[in-house]
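Raw contents of my_file-v2.cif, mmCIF, C-alpha atoms and all ligand atoms:
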data_final
#
loop_
_atom_site.label_atom_id
_atom_site.label_comp_id
_atom_site.auth_asym_id
_atom_site.auth_seq_id
_atom_site.Cartn_x
_atom_site.Cartn_y
_atom_site.Cartn_z
CA MET F 12 40.37 18.70 -29.03
CA GLY F 13 41.79 15.68 -27.19
CA ALA F 14 41.18 12.10 -28.34
CA LEU F 15 38.70 11.46 -25.55
CA GLU F 16 36.76 14.61 -26.27
CA LYS F 17 36.58 13.72 -29.96
CA ALA F 18 35.30 10.24 -29.18
CA VAL F 19 32.72 11.66 -26.80
CA THR F 20 31.58 14.26 -29.30
CA SER F 21 30.92 11.63 -31.96
CA TRP F 22 29.14 9.39 -29.42
CA LEU F 23 26.94 12.29 -28.34
CA GLU F 24 26.01 13.38 -31.83
CA LYS F 25 23.89 10.26 -31.96
CA ARG F 26 22.75 10.42 -28.33
CA PRO F 27 22.02 14.04 -27.37
CA TYR F 28 19.99 13.06 -24.27
CA LEU F 29 23.21 12.12 -22.46
CA ASP F 30 24.33 15.73 -22.14
CA GLU F 31 24.30 16.17 -18.40
CA VAL F 32 26.04 13.00 -17.22
CA THR F 33 28.61 13.38 -19.98
CA ALA F 34 29.32 16.94 -18.97
CA LEU F 35 30.23 15.74 -15.48
CA ALA F 36 32.45 12.90 -16.70
CA LEU F 37 34.26 15.23 -19.08
CA ALA F 38 34.59 18.05 -16.58
CA CYS F 39 36.21 15.67 -14.06
CA GLU F 40 38.58 14.47 -16.76
CA SER F 41 39.54 18.01 -17.65
CA VAL F 42 40.01 19.20 -14.04
CA LEU F 43 42.27 16.22 -13.31
CA GLU F 44 44.25 16.48 -16.54
CA GLY F 45 47.93 16.44 -15.77
CA SER F 46 47.42 15.58 -12.09
CA SER F 47 49.73 13.11 -10.37
CA VAL F 48 49.07 9.44 -10.93
CA ILE F 49 50.76 6.21 -9.84
CA GLU F 50 53.48 5.48 -12.39
CA LYS F 51 54.93 2.16 -11.30
CA LEU F 52 53.43 -1.13 -10.24
CA PRO F 53 54.01 -1.83 -6.53
CA SER F 54 57.39 -3.54 -6.11
CA ASN F 55 55.82 -6.22 -3.91
CA LEU F 56 52.98 -7.04 -6.33
CA ASP F 57 54.23 -10.56 -7.03
CA ASP F 58 54.00 -11.32 -3.31
CA VAL F 59 50.21 -11.09 -3.46
CA LYS F 60 49.65 -13.37 -6.49
CA GLU F 61 48.03 -15.94 -4.25
CA LYS F 62 45.54 -13.36 -2.94
CA LEU F 63 44.59 -12.54 -6.53
CA GLY F 64 43.86 -16.25 -7.02
CA GLN F 65 41.49 -16.05 -4.05
CA SER F 66 39.80 -13.00 -5.61
CA GLU F 67 40.97 -10.65 -2.90
CA PRO F 68 40.93 -7.13 -4.41
CA LEU F 69 44.52 -6.00 -4.98
CA LEU F 70 43.92 -2.62 -3.32
CA LEU F 71 43.04 -4.45 -0.10
CA THR F 72 46.14 -6.65 -0.06
CA ASP F 73 49.59 -5.71 1.21
CA ALA F 74 50.62 -4.59 -2.29
CA GLU F 75 51.96 -1.08 -1.83
CA PHE F 76 49.90 0.99 -4.22
CA LYS F 77 49.65 3.81 -1.66
CA ILE F 78 46.61 4.84 -3.62
CA GLU F 79 45.24 7.09 -0.88
CA GLU F 80 48.30 9.35 -1.04
CA LEU F 81 47.58 10.62 -4.56
CA ALA F 82 43.86 9.90 -4.81
CA SER F 83 43.21 12.18 -1.83
CA VAL F 84 45.01 15.04 -3.56
CA ASN F 85 43.07 14.39 -6.75
CA LEU F 86 39.82 14.20 -4.81
CA LEU F 87 40.32 17.64 -3.28
CA ALA F 88 41.37 19.02 -6.68
CA LEU F 89 37.87 18.25 -7.93
CA ALA F 90 36.76 21.36 -6.01
CA LYS F 91 37.81 23.14 -9.21
CA LEU F 92 34.66 21.78 -10.82
CA LYS F 93 32.99 24.81 -9.27
CA ASP F 94 34.24 26.81 -12.26
CA ALA F 95 33.34 24.24 -14.94
CA GLU F 96 31.15 25.91 -17.54
CA LYS F 97 28.76 23.21 -18.56
CA LEU F 98 27.77 21.80 -15.17
CA PRO F 99 24.45 22.41 -13.42
CA ALA F 100 24.76 24.97 -10.58
CA GLU F 101 23.92 22.35 -7.96
CA THR F 102 26.81 20.09 -9.02
CA LYS F 103 29.23 23.02 -8.90
CA THR F 104 28.08 23.94 -5.40
CA GLN F 105 28.57 20.34 -4.27
CA ALA F 106 32.09 20.21 -5.73
CA GLU F 107 33.05 23.51 -4.12
CA LYS F 108 32.28 22.01 -0.71
CA LEU F 109 35.23 19.62 -1.14
CA GLN F 110 37.17 22.59 0.25
CA ASN F 111 35.65 21.73 3.65
CA ILE F 112 37.59 18.46 3.73
CA ALA F 113 41.18 18.30 5.02
CA LEU F 114 43.83 16.24 3.21
CA ASP F 115 44.14 13.76 6.10
CA GLU F 116 40.39 13.23 6.11
CA ALA F 117 40.41 12.73 2.35
CA LYS F 118 43.10 10.05 2.72
CA GLU F 119 41.03 8.17 5.28
CA LEU F 120 37.96 8.56 3.12
CA VAL F 121 39.63 7.06 0.04
CA LYS F 122 40.88 4.10 2.08
CA GLU F 123 37.51 3.40 3.63
CA VAL F 124 35.47 3.78 0.46
CA ILE F 125 37.75 1.29 -1.29
CA ALA F 126 37.34 -1.09 1.66
CA GLY F 127 33.56 -0.76 1.34
CA SER F 128 32.97 1.04 4.62
CA GLU F 129 30.40 3.84 4.74
CA GLU F 130 31.25 5.33 8.11
CA LYS F 131 33.71 8.00 6.97
CA LEU F 132 31.61 8.68 3.90
CA LYS F 133 28.61 9.42 6.10
CA SER F 134 30.48 11.58 8.59
CA LEU F 135 32.35 13.58 5.96
CA SER F 136 29.20 13.98 3.90
CA GLU F 137 27.50 15.54 6.92
CA LYS F 138 30.50 17.66 7.82
CA SER F 139 31.13 18.99 4.30
CA GLY F 140 27.52 19.27 3.15
CA ILE F 141 28.22 17.10 0.06
CA LYS F 142 25.58 14.48 -0.68
CA GLN F 143 26.85 11.01 0.10
CA ASP F 144 26.39 9.56 -3.38
CA ILE F 145 28.13 12.53 -5.01
CA LEU F 146 31.03 12.36 -2.56
CA GLU F 147 31.38 8.65 -3.27
CA TYR F 148 31.32 9.37 -7.01
CA PHE F 149 34.12 11.94 -6.57
CA VAL F 150 36.19 9.41 -4.59
CA TRP F 151 35.95 6.79 -7.33
CA ILE F 152 36.75 9.31 -10.05
CA SER F 153 39.92 10.17 -8.12
CA VAL F 154 40.84 6.53 -7.53
CA ARG F 155 40.38 5.78 -11.18
CA LYS F 156 42.46 8.74 -12.27
CA THR F 157 45.22 7.80 -9.82
CA LEU F 158 45.36 4.26 -11.22
CA SER F 159 45.32 5.42 -14.84
CA GLY F 160 49.13 5.65 -14.97
CA ILE F 161 49.49 1.89 -14.40
CA LYS F 162 46.20 0.71 -15.92
CA ASN F 163 47.70 -1.13 -18.91
CA GLU F 164 50.57 -2.65 -17.00
CA LEU F 165 48.33 -3.76 -14.15
CA GLU F 166 45.77 -5.30 -16.50
CA LYS F 167 48.56 -7.21 -18.22
CA TRP F 168 49.81 -8.51 -14.86
CA ILE F 169 46.27 -9.56 -13.96
CA ALA F 170 45.81 -11.35 -17.30
CA ASP F 171 49.24 -13.02 -17.03
CA ASN F 172 48.12 -14.39 -13.70
CA ASN F 173 45.00 -15.87 -15.30
CA TYR F 174 42.41 -13.92 -13.36
CA THR F 175 38.92 -14.73 -14.61
CA ALA F 176 36.61 -14.20 -11.63
CA ASN F 177 33.53 -11.99 -11.79
CA THR F 178 34.52 -9.18 -9.41
CA CYS F 179 37.04 -6.45 -10.15
CA PRO F 180 40.55 -7.78 -9.39
CA VAL F 181 41.66 -4.31 -8.28
CA CYS F 182 38.82 -2.85 -6.20
CA GLY F 183 36.49 -5.81 -5.75
CA ARG F 184 33.32 -4.20 -7.13
CA HIS F 185 31.01 -5.91 -9.60
CA ALA F 186 31.52 -5.06 -13.26
CA GLY F 187 29.43 -2.18 -14.58
CA THR F 188 29.55 -3.10 -18.26
CA ALA F 189 30.99 -5.70 -20.61
CA PHE F 190 32.54 -5.45 -24.05
CA PHE F 191 34.21 -7.60 -26.70
CA LYS F 192 37.74 -7.22 -27.94
CA HIS F 193 39.88 -9.07 -30.44
CA THR F 194 42.88 -10.66 -28.76
CA LYS F 195 45.37 -13.37 -29.69
CA ARG F 196 42.79 -15.84 -28.41
CA GLY F 197 40.03 -14.53 -30.67
CA ARG F 198 37.13 -12.28 -29.81
CA GLN F 199 36.94 -12.30 -26.04
CA ARG F 200 34.46 -10.89 -23.57
CA PHE F 201 35.85 -8.39 -21.07
CA LEU F 202 34.28 -6.89 -17.98
CA HIS F 203 34.75 -3.22 -17.17
CA CYS F 204 34.77 -1.85 -13.62
CA ASP F 205 32.78 1.37 -13.51
CA HIS F 206 34.47 2.27 -10.22
CA CYS F 207 38.24 1.96 -10.70
CA GLY F 208 38.26 1.51 -14.49
CA THR F 209 39.96 -1.90 -14.58
CA GLU F 210 39.16 -4.36 -17.38
CA TRP F 211 39.64 -8.11 -17.36
CA THR F 212 38.60 -11.15 -19.37
CA PHE F 213 35.58 -13.22 -18.44
CA LYS F 214 34.01 -16.31 -19.94
CA ARG F 215 31.86 -15.58 -22.99
CA ILE F 216 28.79 -17.33 -21.69
CA GLY F 217 27.36 -16.93 -18.24
CA CYS F 218 26.08 -14.25 -15.93
CA PRO F 219 28.85 -12.03 -14.52
CA TYR F 220 26.93 -11.61 -11.25
CA CYS F 221 25.86 -15.12 -10.26
CA ASP F 222 26.98 -18.62 -11.20
CA ASN F 223 24.31 -19.05 -13.87
CA ILE F 224 25.61 -20.58 -17.11
CA ASP F 225 22.26 -21.98 -18.21
CA GLN F 226 21.48 -20.18 -21.45
CA LYS F 227 17.78 -20.89 -21.05
CA LYS F 228 17.85 -18.59 -18.04
CA MET F 229 19.43 -15.80 -20.01
CA SER F 230 18.31 -13.50 -22.76
CA ILE F 231 19.53 -10.58 -24.80
CA LYS F 232 17.74 -7.32 -25.36
CA ASP F 233 18.74 -5.46 -28.51
CA SER F 234 17.51 -2.08 -29.48
CA ALA F 235 17.01 -1.01 -33.08
CA ASP F 236 18.30 2.51 -32.49
CA GLU F 237 21.30 1.44 -30.39
CA THR F 238 23.17 -1.05 -32.53
CA ASP F 239 26.48 -0.64 -30.67
CA MET F 240 25.03 -1.84 -27.40
CA ARG F 241 22.98 -4.74 -26.13
CA VAL F 242 21.71 -5.70 -22.70
CA ASP F 243 22.36 -9.21 -21.35
CA LEU F 244 19.72 -10.38 -18.88
CA CYS F 245 20.05 -13.10 -16.25
CA HIS F 246 16.71 -14.54 -15.19
CA LYS F 247 18.29 -16.37 -12.27
CA CYS F 248 19.58 -13.37 -10.29
CA MET F 249 17.36 -10.87 -12.16
CA SER F 250 20.24 -8.61 -13.11
CA TYR F 251 21.42 -7.15 -16.38
CA ILE F 252 24.71 -6.00 -17.82
CA LYS F 253 25.08 -3.50 -20.64
CA THR F 254 27.44 -4.79 -23.29
CA TYR F 255 29.27 -2.76 -25.88
CA ILE F 256 29.35 -4.76 -29.10
CA GLY F 257 30.71 -2.05 -31.40
CA GLU F 258 34.16 -2.26 -32.95
CA ASP F 259 35.35 1.26 -32.18
CA ASP F 260 38.31 1.06 -29.83
CA THR F 261 37.96 4.55 -28.33
CA GLY F 262 36.29 3.00 -25.34
CA ILE F 263 33.41 5.37 -24.72
CA GLY F 264 30.74 2.70 -25.28
CA LYS F 265 31.96 0.66 -22.36
CA GLU F 266 31.67 3.54 -19.90
CA GLY F 267 28.59 3.18 -17.74
CA TRP F 268 27.53 6.81 -18.17
CA ALA F 269 27.61 6.57 -21.97
CA SER F 270 24.57 4.31 -21.98
CA ILE F 271 22.57 5.53 -19.02
CA HIS F 272 19.60 5.77 -21.40
CA LEU F 273 19.56 1.95 -21.46
CA ASP F 274 19.33 1.88 -17.66
CA ILE F 275 16.35 4.18 -17.88
CA LEU F 276 14.72 1.78 -20.36
CA MET F 277 15.42 -1.13 -18.01
CA LYS F 278 13.98 0.55 -14.91
CA GLU F 279 10.48 -0.89 -15.03
CA THR F 280 11.50 -4.39 -16.14
CA GLY F 281 12.31 -5.87 -12.73
CA PHE F 282 15.94 -6.51 -13.75
CA LYS F 283 18.60 -4.58 -11.82
CA PRO F 284 22.08 -3.27 -12.70
CA LYS F 285 24.72 -4.47 -10.24
CA GLY F 286 27.96 -2.57 -10.66
CA SER F 287 27.06 0.89 -11.94
CA LEU F 288 28.75 3.90 -10.47
CA ILE F 289 26.04 6.25 -11.72
CA LYS F 290 22.49 5.19 -11.17
CA PRO F 291 19.73 6.76 -13.22
CA GLU F 292 17.38 9.01 -11.22
ZN ZN E 301 37.46 -1.87 -9.88
ZN ZN E 302 22.81 -13.95 -12.70
#
Show this structure as structure tokens.
Amino acid sequence: MGALEKAVTSWLEKRPYLDEVTALALACESVLEGSSVIEKLPSNLDDVKEKLGQSEPLLLTDAEFKIEELASVNLLALAKLKDAEKLPAETKTQAEKLQNIALDEAKELVKEVIAGSEEKLKSLSEKSGIKQDILEYFVWISVRKTLSGIKNELEKWIADNNYTANTCPVCGRHAGTAFFKHTKRGRQRFLHCDHCGTEWTFKRIGCPYCDNIDQKKMSIKDSADETDMRVDLCHKCMSYIKTYIGEDDTGIGKEGWASIHLDILMKETGFKPKGSLIKPE
């Protein structure tokens, strides 16, 4: 059993209702195990420091990640999910339809999804018969996997360049979850991008979605049977962010899918999640 699988198993023992979304996350991980990832930071990364300062997502700058080259291959490899044991039949059928997409189309798709355009997503969803939200999910899983080879190095570069804005420095999406980690500067709050997987520091107090720092317009929702997580609410922009407050460094708690039960609890409250990759039905 791999380290991730072990961590997931122990997380699930206490949260058996998460079975289905976890099965998908794990199956993707296992299908893409050993696939090609970016191994070196782009050689021209330092040229775009200024853009980082202006919160321009790194993947949209001139930095040569060439992410679409490998992410497209990884995307099409997800067709292998059709043979994954634990997935619902419908998900397997959807994954199998990735075979209807050509490599060139997949490259374009990755590029456009990162740039926030829906055009290619719509047309390829129609052409392939894959539902748009599932196709988008597959794209982000591939992007995230492709970046995993430089994740630590890239996060260090981002931190060294003092990035502290509220959107993901790599892909530009809003954070999906937050967590706390001990660093040289003490216990710091980090934001986690549910889309590309990047993590970066953010001020301890304040809403990560709007400019609200007024604590009177914020509150915290704890749950007695979920002591590792809490939900931070902003009454100004009416959003919430799930925050992992546990000490376990295996990282599962900060994954959006690992606490989808909290999103279900939040559904009727009027507060909305802002950066989740998976939305509860
Ligand atoms: Zn991101
Ligand atoms: Zn807010």
_Radius query 12 Å about (42.4, -5.7, -18.2), atoms used: only C-alpha atoms, as JSON, numbers by chain_ = {"F": [159, 161, 162, 163, 164, 165, 166, 167, 168, 169, 170, 171, 172, 173, 174, 175, 179, 180, 181, 186, 189, 190, 191, 192, 194, 199, 200, 201, 202, 203, 204, 207, 208, 209, 210, 211, 212, 213]}
*Find the residue from F:Asp144, F:Glu75, F:Glu258, F:Asp94 that sits nearest to Leu52 in chain F; use only C-alpha atoms when measuring.*
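Counting only C-alpha atoms, the residue closest to Leu52 in chain F is F:Glu75.
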Residues within 10 Å of ligand ZN 302 (chain E) (all atoms listed in the file), as a PDB file with C-alpha atoms, keeping the file's coordinate frame?
ATOM      1  CA  GLY F 217      27.360 -16.930 -18.240  1.00  0.00           C
ATOM      2  CA  CYS F 218      26.080 -14.250 -15.930  1.00  0.00           C
ATOM      3  CA  PRO F 219      28.850 -12.030 -14.520  1.00  0.00           C
ATOM      4  CA  TYR F 220      26.930 -11.610 -11.250  1.00  0.00           C
ATOM      5  CA  CYS F 221      25.860 -15.120 -10.260  1.00  0.00           C
ATOM      6  CA  ASP F 222      26.980 -18.620 -11.200  1.00  0.00           C
ATOM      7  CA  ASN F 223      24.310 -19.050 -13.870  1.00  0.00           C
ATOM      8  CA  ILE F 224      25.610 -20.580 -17.110  1.00  0.00           C
ATOM      9  CA  ASP F 225      22.260 -21.980 -18.210  1.00  0.00           C
ATOM     10  CA  LYS F 228      17.850 -18.590 -18.040  1.00  0.00           C
ATOM     11  CA  MET F 229      19.430 -15.800 -20.010  1.00  0.00           C
ATOM     12  CA  ASP F 243      22.360  -9.210 -21.350  1.00  0.00           C
ATOM     13  CA  LEU F 244      19.720 -10.380 -18.880  1.00  0.00           C
ATOM     14  CA  CYS F 245      20.050 -13.100 -16.250  1.00  0.00           C
ATOM     15  CA  HIS F 246      16.710 -14.540 -15.190  1.00  0.00           C
ATOM     16  CA  LYS F 247      18.290 -16.370 -12.270  1.00  0.00           C
ATOM     17  CA  CYS F 248      19.580 -13.370 -10.290  1.00  0.00           C
ATOM     18  CA  MET F 249      17.360 -10.870 -12.160  1.00  0.00           C
ATOM     19  CA  SER F 250      20.240  -8.610 -13.110  1.00  0.00           C
ATOM     20  CA  TYR F 251      21.420  -7.150 -16.380  1.00  0.00           C
ATOM     21  CA  ILE F 252      24.710  -6.000 -17.820  1.00  0.00           C
ATOM     22  CA  LYS F 285      24.720  -4.470 -10.240  1.00  0.00           C
TER      23      LYS F 285
END
*asked:* Neighbouring residues of Glu79 in chain F were defined as those with any atom within 12 Å, considering all atoms listed in the file; residues of the same chain fewer than 3 positions away were excluded. Please report them as a ChimeraX atom specification.
replied: /F:48-49,70-71,75-76,82-87,114-126,150-151,153-158
Selection file, C-alpha atoms, as a compact mmCIF listing (two decimals), keeping the file's coordinate frame:
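Saved as selection19.txt:
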# COMPACT_ATOMS: atom_id res chain seq x y z
CA VAL F 48 49.07 9.44 -10.93
CA ILE F 49 50.76 6.21 -9.84
CA LEU F 70 43.92 -2.62 -3.32
CA LEU F 71 43.04 -4.45 -0.10
CA GLU F 75 51.96 -1.08 -1.83
CA PHE F 76 49.90 0.99 -4.22
CA ALA F 82 43.86 9.90 -4.81
CA SER F 83 43.21 12.18 -1.83
CA VAL F 84 45.01 15.04 -3.56
CA ASN F 85 43.07 14.39 -6.75
CA LEU F 86 39.82 14.20 -4.81
CA LEU F 87 40.32 17.64 -3.28
CA LEU F 114 43.83 16.24 3.21
CA ASP F 115 44.14 13.76 6.10
CA GLU F 116 40.39 13.23 6.11
CA ALA F 117 40.41 12.73 2.35
CA LYS F 118 43.10 10.05 2.72
CA GLU F 119 41.03 8.17 5.28
CA LEU F 120 37.96 8.56 3.12
CA VAL F 121 39.63 7.06 0.04
CA LYS F 122 40.88 4.10 2.08
CA GLU F 123 37.51 3.40 3.63
CA VAL F 124 35.47 3.78 0.46
CA ILE F 125 37.75 1.29 -1.29
CA ALA F 126 37.34 -1.09 1.66
CA VAL F 150 36.19 9.41 -4.59
CA TRP F 151 35.95 6.79 -7.33
CA SER F 153 39.92 10.17 -8.12
CA VAL F 154 40.84 6.53 -7.53
CA ARG F 155 40.38 5.78 -11.18
CA LYS F 156 42.46 8.74 -12.27
CA THR F 157 45.22 7.80 -9.82
CA LEU F 158 45.36 4.26 -11.22
_Which residues are close to range 18-30 of chain F, i.e. within 8 Å by all atoms listed in the file, leaving aside same-chain residues fewer than 5 positions away? Reply as a ChimeraX atom specification._
/F:261,263,269-272
*For Ser287 in chain F, work out the shell of residues within 7 Å, counting all atoms listed in the file and skipping chain neighbours fewer than 6 positions away, then give it as a list in words.*
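Using all atoms listed in the file, the neighbours found are Gly187, Asp205 and Gly267 of chain F.
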If the box runs along x, y and z of the file and leaves 6 Å on each side of range 60-64 of chain F, what are its centre and edge lengths in Å, one decimal, as AutoDock Vina command-line options?
--center_x 46.8 --center_y -14.4 --center_z -5.0 --size_x 17.8 --size_y 15.7 --size_z 16.1
*Leaving out Arg241 in chain F and any residue of its chain fewer than 5 positions from it, which residues lie within 10 Å of it when counting all atoms listed in the file, given as a PyMOL selection string?*
chain F and resi 189-190+231-235+252-257+273
Keeping only C-alpha atoms, write the selected residues to a file as an mmCIF file, keeping the file's coordinate frame.
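Contents of selection-v8.cif, freshly written:
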data_model
loop_
_atom_site.group_PDB
_atom_site.id
_atom_site.type_symbol
_atom_site.label_atom_id
_atom_site.label_comp_id
_atom_site.auth_asym_id
_atom_site.auth_seq_id
_atom_site.Cartn_x
_atom_site.Cartn_y
_atom_site.Cartn_z
ATOM 1 C CA ALA F 189 30.990 -5.700 -20.610
ATOM 2 C CA PHE F 190 32.540 -5.450 -24.050
ATOM 3 C CA ILE F 231 19.530 -10.580 -24.800
ATOM 4 C CA LYS F 232 17.740 -7.320 -25.360
ATOM 5 C CA ASP F 233 18.740 -5.460 -28.510
ATOM 6 C CA SER F 234 17.510 -2.080 -29.480
ATOM 7 C CA ALA F 235 17.010 -1.010 -33.080
ATOM 8 C CA ILE F 252 24.710 -6.000 -17.820
ATOM 9 C CA LYS F 253 25.080 -3.500 -20.640
ATOM 10 C CA THR F 254 27.440 -4.790 -23.290
ATOM 11 C CA TYR F 255 29.270 -2.760 -25.880
ATOM 12 C CA ILE F 256 29.350 -4.760 -29.100
ATOM 13 C CA GLY F 257 30.710 -2.050 -31.400
ATOM 14 C CA LEU F 273 19.560 1.950 -21.460
#
_Coordinates-based distance that separates CA of Lys60 in chain F from CA of Gly127 in chain F (Å, one decimal)_ =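 Atom-to-atom, CA of Gly127 in chain F to CA of Lys60 in chain F, that is 21.9 Å.
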*Can you work out the spacing between CA of Pro53 in chain F and CA of His206 in chain F in Å, to one decimal?*
20.3 Å
_range 133-143 of chain F surroundings by all atoms listed in the file, 10 Å radius, close-in-sequence under 2 positions cut, as number ranges by chain_ = F: 102, 104-112, 116-117, 120, 128-131, 145-149
*Of the residues F:Ala95, F:Leu69, F:Ile275, F:Leu132, which is the one nearest to ligand ZN 301 (chain E), using only C-alpha atoms and all ligand atoms?*
F:Leu69
_Between CA of Glu16 in chain F and CA of Leu37 in chain F, distance in Å (one decimal)_ = 7.6 Å
*Using all atoms listed in the file, which residue out of F:Ala38, F:Ile152, F:Leu81, F:Cys182 lies closest to ligand ZN 301 (chain E)?*
F:Cys182
*With only C-alpha atoms as the atoms that count, which of F:Arg198, F:His185, F:Lys97, F:Lys51 lies nearest to Ala34 in chain F?*
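That would be F:Lys97, the residue with the smallest distance to Ala34 in chain F.
In this comparison, which uses only C-alpha atoms and all ligand atoms, the residue of F:Lys91, F:Lys278, F:Pro68, F:Val42 approaching ligand ZN 301 (chain E) most closely is F:Pro68.
Distance annotation: of F:Gln226, F:Thr280, F:Ser41, F:Thr188, the residue with the minimal separation from ligand ZN 301 (chain E) is F:Thr188; atom set is only C-alpha atoms and all ligand atoms.
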